[in-house]
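Trainee: Sharing a structure here in structure tokens format.
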Amino acid sequence: DEEALEWLSARGARLGHFIAGAFTKPGQTFETINPATGAALAEVSQGGPDDISAAVSAARKAQPDWEALGGKGRARYLYALARLVQKHARLLAVLESLDSGKPIRESRDIDIPLVARHFYYHAGMAQLMHAELPGRRALGVCGQITPWNFPLLMLAWKLAPALAMGNTVALKPAEWTPLTALCFADLCQQAGLPAGVVNIVTGDRQTGAELVAAQVDKIAFTGSTEVG
């Protein structure tokens, strides 16, 4: 687990939101726990209305230029993200297991390889959009909420197709398992993804409710019936 713990340590084990291409300074935080040991892994920020508003505004500002890149232009970024997921597969797999408690075999051999495959697949779909989906347009800004059981894989399921078709995203990961989403934000920086195309705000179900109430064009939610 050294690489994953070093990644957290390099950030002071206190993580802000990812908004407009940069990490914010942590404000009010809560601990994310390794369920295998009960030990705290890091502190992550509790998102509030101002954070959601900033994330959605950044996504709204970035969306026209992102759509205007065209499918081939967007595909270059999606291919870059897929390659970065493969390059950092060990870090992502170990971080996923530390944060969620799932066996490393499942994270390493199933979840993370599928994350890369989803980004490769939707990079291809972005390239084909003009020919296969003539006349289709992006919806705009998508608000996305992911669950704790397949944290990074569910992020890929929601993010990759939305980005491929020219949408921008404000995403809230489950409060129990936010770390791989924030690590993915780091990969977005490494890929040179334009600021505001992907925004990630951490927090509890109230943060999710605020995202649903924000000025977004579509909501993608996976979670319990009660929270839904």
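We label chains A, B, ... in the order they appear in the structure tokens, count residues from 1 in each chain, and number ligands from 1 in the order shown.
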Would you give me, as CSV, each residue of segment 15-71 of chain A having an atom within 8 Å of an atom of segment 185-209 of chain A, along with its shortest atom pair and that distance in Å to one decimal, using only C-alpha atoms and sorting by chain and residue number?

Mentor:
```
residue,atom,partner,partner_atom,distance
A:His17,CA,A:Val201,CA,5.0
A:Phe18,CA,A:Ile200,CA,5.0
A:Ile19,CA,A:Asn199,CA,4.8
A:Ala20,CA,A:Gly196,CA,4.0
A:Gly21,CA,A:Ala195,CA,4.1
A:Ala22,CA,A:Ala195,CA,7.7
A:Val44,CA,A:Thr202,CA,7.0
A:Ser45,CA,A:Thr202,CA,6.0
A:Gln46,CA,A:Gly203,CA,4.4
A:Gly47,CA,A:Gly203,CA,4.9
A:Gly48,CA,A:Thr207,CA,6.0
A:Pro49,CA,A:Thr207,CA,7.5
A:Asp51,CA,A:Val201,CA,7.0
A:Ile52,CA,A:Val201,CA,6.9
A:Ala55,CA,A:Asn199,CA,5.7
A:Val56,CA,A:Asn199,CA,7.9
A:Ala58,CA,A:Gly196,CA,4.7
A:Ala59,CA,A:Gly196,CA,4.7
A:Arg60,CA,A:Gly196,CA,7.8
A:Lys61,CA,A:Gly196,CA,7.2
A:Ala62,CA,A:Gly196,CA,5.3
A:Gln63,CA,A:Val197,CA,6.8
A:Trp66,CA,A:Val197,CA,7.2
```

Trainee: Keeping N, CA and C atoms for every residue in the selection just given, could you write it to a file as a PDB file, in the first residue's frame?

Mentor:
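And here is the file that came out, part05.pdb:
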```pdb
ATOM      1  N   HIS A  17     -12.014  19.901  -2.983  1.00  0.00           N
ATOM      2  CA  HIS A  17     -12.785  19.562  -4.173  1.00  0.00           C
ATOM      3  C   HIS A  17     -11.932  19.827  -5.421  1.00  0.00           C
ATOM      4  N   PHE A  18     -12.389  19.316  -6.566  1.00  0.00           N
ATOM      5  CA  PHE A  18     -11.735  19.582  -7.843  1.00  0.00           C
ATOM      6  C   PHE A  18     -12.703  20.396  -8.691  1.00  0.00           C
ATOM      7  N   ILE A  19     -12.428  21.682  -8.828  1.00  0.00           N
ATOM      8  CA  ILE A  19     -13.348  22.594  -9.508  1.00  0.00           C
ATOM      9  C   ILE A  19     -12.554  23.474 -10.467  1.00  0.00           C
ATOM     10  N   ALA A  20     -13.025  23.555 -11.708  1.00  0.00           N
ATOM     11  CA  ALA A  20     -12.401  24.414 -12.730  1.00  0.00           C
ATOM     12  C   ALA A  20     -10.926  24.076 -12.934  1.00  0.00           C
ATOM     13  N   GLY A  21     -10.618  22.784 -12.904  1.00  0.00           N
ATOM     14  CA  GLY A  21      -9.276  22.335 -13.234  1.00  0.00           C
ATOM     15  C   GLY A  21      -8.271  22.389 -12.111  1.00  0.00           C
ATOM     16  N   ALA A  22      -8.712  22.693 -10.884  1.00  0.00           N
ATOM     17  CA  ALA A  22      -7.773  22.811  -9.764  1.00  0.00           C
ATOM     18  C   ALA A  22      -8.412  22.300  -8.485  1.00  0.00           C
ATOM     19  N   VAL A  44     -11.513  14.520   3.803  1.00  0.00           N
ATOM     20  CA  VAL A  44     -12.004  15.089   2.542  1.00  0.00           C
ATOM     21  C   VAL A  44     -13.016  16.179   2.853  1.00  0.00           C
ATOM     22  N   SER A  45     -13.216  17.064   1.911  1.00  0.00           N
ATOM     23  CA  SER A  45     -14.035  18.254   2.151  1.00  0.00           C
ATOM     24  C   SER A  45     -15.524  17.946   2.068  1.00  0.00           C
ATOM     25  N   GLN A  46     -16.273  18.608   2.940  1.00  0.00           N
ATOM     26  CA  GLN A  46     -17.732  18.530   2.923  1.00  0.00           C
ATOM     27  C   GLN A  46     -18.271  19.635   2.027  1.00  0.00           C
ATOM     28  N   GLY A  47     -18.806  19.234   0.892  1.00  0.00           N
ATOM     29  CA  GLY A  47     -19.292  20.215  -0.069  1.00  0.00           C
ATOM     30  C   GLY A  47     -20.582  20.868   0.378  1.00  0.00           C
ATOM     31  N   GLY A  48     -20.677  22.166   0.120  1.00  0.00           N
ATOM     32  CA  GLY A  48     -21.872  22.925   0.431  1.00  0.00           C
ATOM     33  C   GLY A  48     -22.436  23.593  -0.809  1.00  0.00           C
ATOM     34  N   PRO A  49     -23.476  24.412  -0.645  1.00  0.00           N
ATOM     35  CA  PRO A  49     -24.107  25.064  -1.808  1.00  0.00           C
ATOM     36  C   PRO A  49     -23.139  25.882  -2.650  1.00  0.00           C
ATOM     37  N   ASP A  51     -19.928  25.372  -3.092  1.00  0.00           N
ATOM     38  CA  ASP A  51     -19.065  24.467  -3.846  1.00  0.00           C
ATOM     39  C   ASP A  51     -19.801  23.887  -5.048  1.00  0.00           C
ATOM     40  N   ILE A  52     -21.047  23.479  -4.829  1.00  0.00           N
ATOM     41  CA  ILE A  52     -21.848  22.949  -5.942  1.00  0.00           C
ATOM     42  C   ILE A  52     -22.060  24.027  -6.991  1.00  0.00           C
ATOM     43  N   ALA A  55     -18.902  24.471  -8.990  1.00  0.00           N
ATOM     44  CA  ALA A  55     -18.644  23.338  -9.886  1.00  0.00           C
ATOM     45  C   ALA A  55     -19.557  23.387 -11.110  1.00  0.00           C
ATOM     46  N   VAL A  56     -20.839  23.661 -10.888  1.00  0.00           N
ATOM     47  CA  VAL A  56     -21.785  23.710 -12.002  1.00  0.00           C
ATOM     48  C   VAL A  56     -21.481  24.906 -12.901  1.00  0.00           C
ATOM     49  N   ALA A  58     -18.535  26.260 -13.396  1.00  0.00           N
ATOM     50  CA  ALA A  58     -17.333  25.924 -14.168  1.00  0.00           C
ATOM     51  C   ALA A  58     -17.671  24.992 -15.324  1.00  0.00           C
ATOM     52  N   ALA A  59     -18.549  24.022 -15.049  1.00  0.00           N
ATOM     53  CA  ALA A  59     -18.957  23.094 -16.100  1.00  0.00           C
ATOM     54  C   ALA A  59     -19.729  23.818 -17.196  1.00  0.00           C
ATOM     55  N   ARG A  60     -20.598  24.746 -16.797  1.00  0.00           N
ATOM     56  CA  ARG A  60     -21.399  25.500 -17.770  1.00  0.00           C
ATOM     57  C   ARG A  60     -20.498  26.363 -18.653  1.00  0.00           C
ATOM     58  N   LYS A  61     -19.495  26.977 -18.049  1.00  0.00           N
ATOM     59  CA  LYS A  61     -18.581  27.825 -18.810  1.00  0.00           C
ATOM     60  C   LYS A  61     -17.761  27.018 -19.807  1.00  0.00           C
ATOM     61  N   ALA A  62     -17.367  25.783 -19.406  1.00  0.00           N
ATOM     62  CA  ALA A  62     -16.497  24.965 -20.256  1.00  0.00           C
ATOM     63  C   ALA A  62     -17.255  24.235 -21.357  1.00  0.00           C
ATOM     64  N   GLN A  63     -18.558  24.064 -21.210  1.00  0.00           N
ATOM     65  CA  GLN A  63     -19.293  23.157 -22.100  1.00  0.00           C
ATOM     66  C   GLN A  63     -19.298  23.568 -23.578  1.00  0.00           C
ATOM     67  N   TRP A  66     -15.974  22.687 -25.156  1.00  0.00           N
ATOM     68  CA  TRP A  66     -15.762  21.235 -25.145  1.00  0.00           C
ATOM     69  C   TRP A  66     -16.563  20.576 -26.265  1.00  0.00           C
TER      70      TRP A  66
END
```

Trainee: Between A:Tyr79, A:Ala4, A:Ala68, A:Gln86, which one has atoms that come closest to Thr180 of chain A, using only C-alpha atoms?

Mentor: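 Going through A:Tyr79, A:Ala4, A:Ala68, A:Gln86 one by one, the smallest distance to Thr180 of chain A is for A:Ala4.
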
Trainee: Just the residues within 12 Å of Glu3 of chain A, please, counting only C-alpha atoms, with nothing from its chain fewer than 6 positions along; format it as a list in words.

Mentor: Ser9, Ala10, His88, Ala89, Arg90, Leu91, Leu92, Ala93, Val94, Leu95 and Leu98 of chain A

Trainee: Generate a file of the selected residues that holds N, CA, C and O atoms, formatted as a PDB file, in the first residue's frame.

Mentor:
```
ATOM      1  N   SER A   9      -0.238  11.143   1.477  1.00  0.00           N
ATOM      2  CA  SER A   9       0.674  11.914   2.315  1.00  0.00           C
ATOM      3  C   SER A   9       1.178  13.162   1.588  1.00  0.00           C
ATOM      4  O   SER A   9       1.351  14.228   2.194  1.00  0.00           O
ATOM      5  N   ALA A  10       1.415  13.028   0.292  1.00  0.00           N
ATOM      6  CA  ALA A  10       1.910  14.165  -0.492  1.00  0.00           C
ATOM      7  C   ALA A  10       0.904  15.307  -0.525  1.00  0.00           C
ATOM      8  O   ALA A  10       1.273  16.456  -0.806  1.00  0.00           O
ATOM      9  N   HIS A  88      -1.376   4.112 -14.071  1.00  0.00           N
ATOM     10  CA  HIS A  88      -1.464   4.225 -12.613  1.00  0.00           C
ATOM     11  C   HIS A  88      -2.417   3.176 -12.027  1.00  0.00           C
ATOM     12  O   HIS A  88      -3.010   3.395 -10.964  1.00  0.00           O
ATOM     13  N   ALA A  89      -2.529   2.046 -12.704  1.00  0.00           N
ATOM     14  CA  ALA A  89      -3.492   1.020 -12.295  1.00  0.00           C
ATOM     15  C   ALA A  89      -3.221   0.501 -10.890  1.00  0.00           C
ATOM     16  O   ALA A  89      -4.157   0.255 -10.115  1.00  0.00           O
ATOM     17  N   ARG A  90      -1.952   0.318 -10.543  1.00  0.00           N
ATOM     18  CA  ARG A  90      -1.648  -0.190  -9.205  1.00  0.00           C
ATOM     19  C   ARG A  90      -2.094   0.805  -8.131  1.00  0.00           C
ATOM     20  O   ARG A  90      -2.727   0.427  -7.140  1.00  0.00           O
ATOM     21  N   LEU A  91      -1.750   2.076  -8.311  1.00  0.00           N
ATOM     22  CA  LEU A  91      -2.167   3.103  -7.365  1.00  0.00           C
ATOM     23  C   LEU A  91      -3.683   3.109  -7.204  1.00  0.00           C
ATOM     24  O   LEU A  91      -4.208   3.116  -6.080  1.00  0.00           O
ATOM     25  N   LEU A  92      -4.410   3.104  -8.315  1.00  0.00           N
ATOM     26  CA  LEU A  92      -5.869   3.168  -8.265  1.00  0.00           C
ATOM     27  C   LEU A  92      -6.465   1.931  -7.608  1.00  0.00           C
ATOM     28  O   LEU A  92      -7.403   2.039  -6.802  1.00  0.00           O
ATOM     29  N   ALA A  93      -5.927   0.754  -7.926  1.00  0.00           N
ATOM     30  CA  ALA A  93      -6.468  -0.484  -7.366  1.00  0.00           C
ATOM     31  C   ALA A  93      -6.266  -0.546  -5.856  1.00  0.00           C
ATOM     32  O   ALA A  93      -7.183  -0.902  -5.106  1.00  0.00           O
ATOM     33  N   VAL A  94      -5.060  -0.208  -5.404  1.00  0.00           N
ATOM     34  CA  VAL A  94      -4.786  -0.262  -3.968  1.00  0.00           C
ATOM     35  C   VAL A  94      -5.591   0.797  -3.224  1.00  0.00           C
ATOM     36  O   VAL A  94      -6.168   0.533  -2.159  1.00  0.00           O
ATOM     37  N   LEU A  95      -5.669   1.998  -3.782  1.00  0.00           N
ATOM     38  CA  LEU A  95      -6.452   3.055  -3.152  1.00  0.00           C
ATOM     39  C   LEU A  95      -7.924   2.661  -3.051  1.00  0.00           C
ATOM     40  O   LEU A  95      -8.584   2.917  -2.034  1.00  0.00           O
ATOM     41  N   LEU A  98      -8.224   0.053  -0.226  1.00  0.00           N
ATOM     42  CA  LEU A  98      -8.063   0.690   1.078  1.00  0.00           C
ATOM     43  C   LEU A  98      -9.324   1.447   1.488  1.00  0.00           C
ATOM     44  O   LEU A  98      -9.744   1.411   2.643  1.00  0.00           O
TER      45      LEU A  98
END
```

Trainee: Nearest to Val115 of chain A among A:Arg136, A:Lys102, A:His130, A:Lys158, with distances taken over only C-alpha atoms: which residue is it?

Mentor: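 So, comparing all the options, the nearest one is A:Lys158.
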
Trainee: Between atom CA of Leu114 of chain A and atom CA of Lys172 of chain A, what is the spacing in Å?

Mentor: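 That distance, rounded to one decimal, is 20.4 Å.
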
Trainee: Ranking A:Leu84, A:Asp50, A:Ile145, A:Glu175 by minimum distance to Thr29 of chain A and counting only C-alpha atoms, which one comes first?

Mentor: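 Ranking A:Leu84, A:Asp50, A:Ile145, A:Glu175 by distance to Thr29 of chain A, first place goes to A:Glu175.
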
Trainee: Just checking: using only C-alpha atoms, which residue out of A:Ala174, A:Ala160, A:Leu8, A:Leu69 ends up closest to Glu43 of chain A?

Mentor: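 Ranking A:Ala174, A:Ala160, A:Leu8, A:Leu69 by distance to Glu43 of chain A, first place goes to A:Leu8.
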
Trainee: List every residue of segment 2-115 of chain A that DSSP, applied to the backbone of this structure, assigns to alpha helix (DSSP H), and report them as a VMD selection string.

Mentor: chain A and resid 2 to 9 49 to 68 70 to 87 89 to 100 104 to 106 112 to 115

Trainee: Which residues are close to Thr146 of chain A, i.e. within 10 Å by only C-alpha atoms, leaving aside same-chain residues fewer than 5 positions away? Reply as a tab-separated table (two decimals) with N, CA, C and O atoms, in the first residue's frame.

Mentor:
```
chain	number	residue	atom	x	y	z
A	151	PRO	N	-16.69	2.32	-6.80
A	151	PRO	CA	-16.51	3.78	-6.87
A	151	PRO	C	-15.95	4.30	-8.19
A	151	PRO	O	-16.57	5.13	-8.85
A	152	LEU	N	-14.77	3.81	-8.59
A	152	LEU	CA	-14.16	4.35	-9.81
A	152	LEU	C	-14.83	3.79	-11.05
A	152	LEU	O	-14.95	4.48	-12.06
A	153	LEU	N	-15.28	2.55	-11.01
A	153	LEU	CA	-15.94	1.97	-12.17
A	153	LEU	C	-17.25	2.70	-12.46
A	153	LEU	O	-17.57	2.99	-13.62
A	154	MET	N	-18.02	3.03	-11.43
A	154	MET	CA	-19.26	3.77	-11.66
A	154	MET	C	-18.96	5.19	-12.15
A	154	MET	O	-19.72	5.74	-12.96
A	155	LEU	N	-17.87	5.78	-11.69
A	155	LEU	CA	-17.46	7.08	-12.23
A	155	LEU	C	-17.21	6.96	-13.73
A	155	LEU	O	-17.66	7.81	-14.51
A	156	ALA	N	-16.51	5.91	-14.14
A	156	ALA	CA	-16.21	5.73	-15.56
A	156	ALA	C	-17.48	5.51	-16.36
A	156	ALA	O	-17.64	6.06	-17.47
A	157	TRP	N	-18.41	4.71	-15.83
A	157	TRP	CA	-19.67	4.46	-16.53
A	157	TRP	C	-20.43	5.76	-16.80
A	157	TRP	O	-21.09	5.90	-17.83
A	158	LYS	N	-20.36	6.69	-15.86
A	158	LYS	CA	-21.13	7.93	-16.00
A	158	LYS	C	-20.34	9.01	-16.76
A	158	LYS	O	-20.89	9.70	-17.62
A	171	LEU	N	-19.61	16.02	-10.54
A	171	LEU	CA	-19.82	14.68	-9.98
A	171	LEU	C	-19.59	14.68	-8.48
A	171	LEU	O	-18.65	15.29	-7.99
A	172	LYS	N	-20.47	13.96	-7.76
A	172	LYS	CA	-20.28	13.75	-6.32
A	172	LYS	C	-20.13	12.26	-6.05
A	172	LYS	O	-21.06	11.48	-6.25
A	173	PRO	N	-18.96	11.82	-5.58
A	173	PRO	CA	-18.79	10.41	-5.20
A	173	PRO	C	-19.42	10.14	-3.84
A	173	PRO	O	-19.70	11.07	-3.07
A	174	ALA	N	-19.64	8.86	-3.55
A	174	ALA	CA	-20.17	8.48	-2.24
A	174	ALA	C	-19.24	8.96	-1.14
A	174	ALA	O	-18.02	8.92	-1.28
A	175	GLU	N	-19.82	9.41	-0.02
A	175	GLU	CA	-18.98	9.92	1.06
A	175	GLU	C	-18.09	8.86	1.67
A	175	GLU	O	-17.06	9.15	2.27
A	177	THR	N	-16.47	6.52	-0.03
A	177	THR	CA	-15.40	6.08	-0.94
A	177	THR	C	-15.03	7.17	-1.94
A	177	THR	O	-15.15	6.98	-3.16
A	178	PRO	N	-14.53	8.31	-1.48
A	178	PRO	CA	-14.25	9.41	-2.42
A	178	PRO	C	-12.85	9.44	-3.00
A	178	PRO	O	-12.58	10.24	-3.90
A	181	ALA	N	-12.01	8.89	-6.85
A	181	ALA	CA	-12.54	9.99	-7.67
A	181	ALA	C	-11.59	11.17	-7.64
A	181	ALA	O	-11.34	11.82	-8.67
A	208	GLY	N	-25.30	15.81	-2.35
A	208	GLY	CA	-25.96	15.24	-3.52
A	208	GLY	C	-27.28	15.91	-3.81
A	208	GLY	O	-27.62	16.19	-4.97
A	220	ALA	N	-27.56	11.89	-13.32
A	220	ALA	CA	-27.30	10.45	-13.35
A	220	ALA	C	-27.03	10.02	-11.91
A	220	ALA	O	-26.08	10.50	-11.30
A	221	PHE	N	-27.88	9.16	-11.37
A	221	PHE	CA	-27.76	8.75	-9.96
A	221	PHE	C	-27.77	7.24	-9.86
A	221	PHE	O	-28.60	6.56	-10.47
A	222	THR	N	-26.82	6.71	-9.09
A	222	THR	CA	-26.86	5.30	-8.69
A	222	THR	C	-26.69	5.27	-7.18
A	222	THR	O	-25.73	5.84	-6.65
A	223	GLY	N	-27.62	4.63	-6.48
A	223	GLY	CA	-27.56	4.57	-5.04
A	223	GLY	C	-28.80	3.89	-4.50
A	223	GLY	O	-29.58	3.30	-5.25
```

Trainee: Can you list, as a ChimeraX atom specification, all residues belonging to segment 78-208 of chain A that DSSP tags as strand (DSSP E)?

Mentor: /A:141-145,168-172,198-200

Trainee: Save the residues we just selected, N, CA and C atoms, as a tab-separated table (two decimals), in the first residue's frame?

Mentor:
```tsv
chain	number	residue	atom	x	y	z
A	141	VAL	N	-24.76	20.34	-19.16
A	141	VAL	CA	-24.07	20.02	-17.90
A	141	VAL	C	-24.78	18.85	-17.22
A	142	CYS	N	-24.02	17.82	-16.89
A	142	CYS	CA	-24.58	16.64	-16.23
A	142	CYS	C	-24.15	16.62	-14.76
A	143	GLY	N	-25.12	16.44	-13.87
A	143	GLY	CA	-24.83	16.20	-12.47
A	143	GLY	C	-24.82	14.70	-12.23
A	144	GLN	N	-23.78	14.18	-11.62
A	144	GLN	CA	-23.63	12.73	-11.49
A	144	GLN	C	-23.31	12.37	-10.03
A	145	ILE	N	-23.96	11.32	-9.54
A	145	ILE	CA	-23.81	10.86	-8.16
A	145	ILE	C	-23.54	9.37	-8.19
A	168	THR	N	-20.33	18.39	-20.17
A	168	THR	CA	-19.42	18.58	-19.05
A	168	THR	C	-20.11	18.10	-17.78
A	169	VAL	N	-19.33	17.91	-16.71
A	169	VAL	CA	-19.84	17.14	-15.57
A	169	VAL	C	-19.47	17.79	-14.24
A	170	ALA	N	-20.43	17.74	-13.31
A	170	ALA	CA	-20.17	17.96	-11.88
A	170	ALA	C	-20.56	16.66	-11.20
A	171	LEU	N	-19.61	16.02	-10.54
A	171	LEU	CA	-19.82	14.68	-9.98
A	171	LEU	C	-19.59	14.68	-8.48
A	172	LYS	N	-20.47	13.96	-7.76
A	172	LYS	CA	-20.28	13.75	-6.32
A	172	LYS	C	-20.13	12.26	-6.05
A	198	VAL	N	-14.49	18.47	-16.14
A	198	VAL	CA	-14.81	17.55	-15.05
A	198	VAL	C	-14.62	18.29	-13.73
A	199	ASN	N	-15.64	18.24	-12.88
A	199	ASN	CA	-15.59	18.85	-11.56
A	199	ASN	C	-16.07	17.81	-10.55
A	200	ILE	N	-15.38	17.68	-9.44
A	200	ILE	CA	-15.71	16.67	-8.44
A	200	ILE	C	-15.84	17.35	-7.08
```

Trainee: Nearest residue to Met165 of chain A out of A:Ala123, A:Ser57, A:Gly27, A:Ala42, using only C-alpha atoms?

Mentor: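 Closest residue, counting only C-alpha atoms: A:Ala123.
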
Trainee: When you draw a straight line from atom CA of Glu96 of chain A to atom CA of Phe119 of chain A, how long is it in Å?

Mentor: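 Spanning atom CA of Glu96 of chain A to atom CA of Phe119 of chain A is a straight-line distance of 18.1 Å.
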
Trainee: Would you compute the distance between atom CA of Ala75 of chain A and atom CA of Met125 of chain A? Give it in Å to one decimal.

Mentor: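 Computing the Euclidean distance for atom CA of Ala75 of chain A and atom CA of Met125 of chain A yields 8.2 Å.
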
Trainee: Calculated over only C-alpha atoms, which of the candidates A:Gly101, A:Pro147, A:Pro113, A:Gly71 has the smallest distance to Leu133 of chain A?

Mentor: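 Checking each of A:Gly101, A:Pro147, A:Pro113, A:Gly71 against Leu133 of chain A, counting only C-alpha atoms, the winner is A:Gly71.
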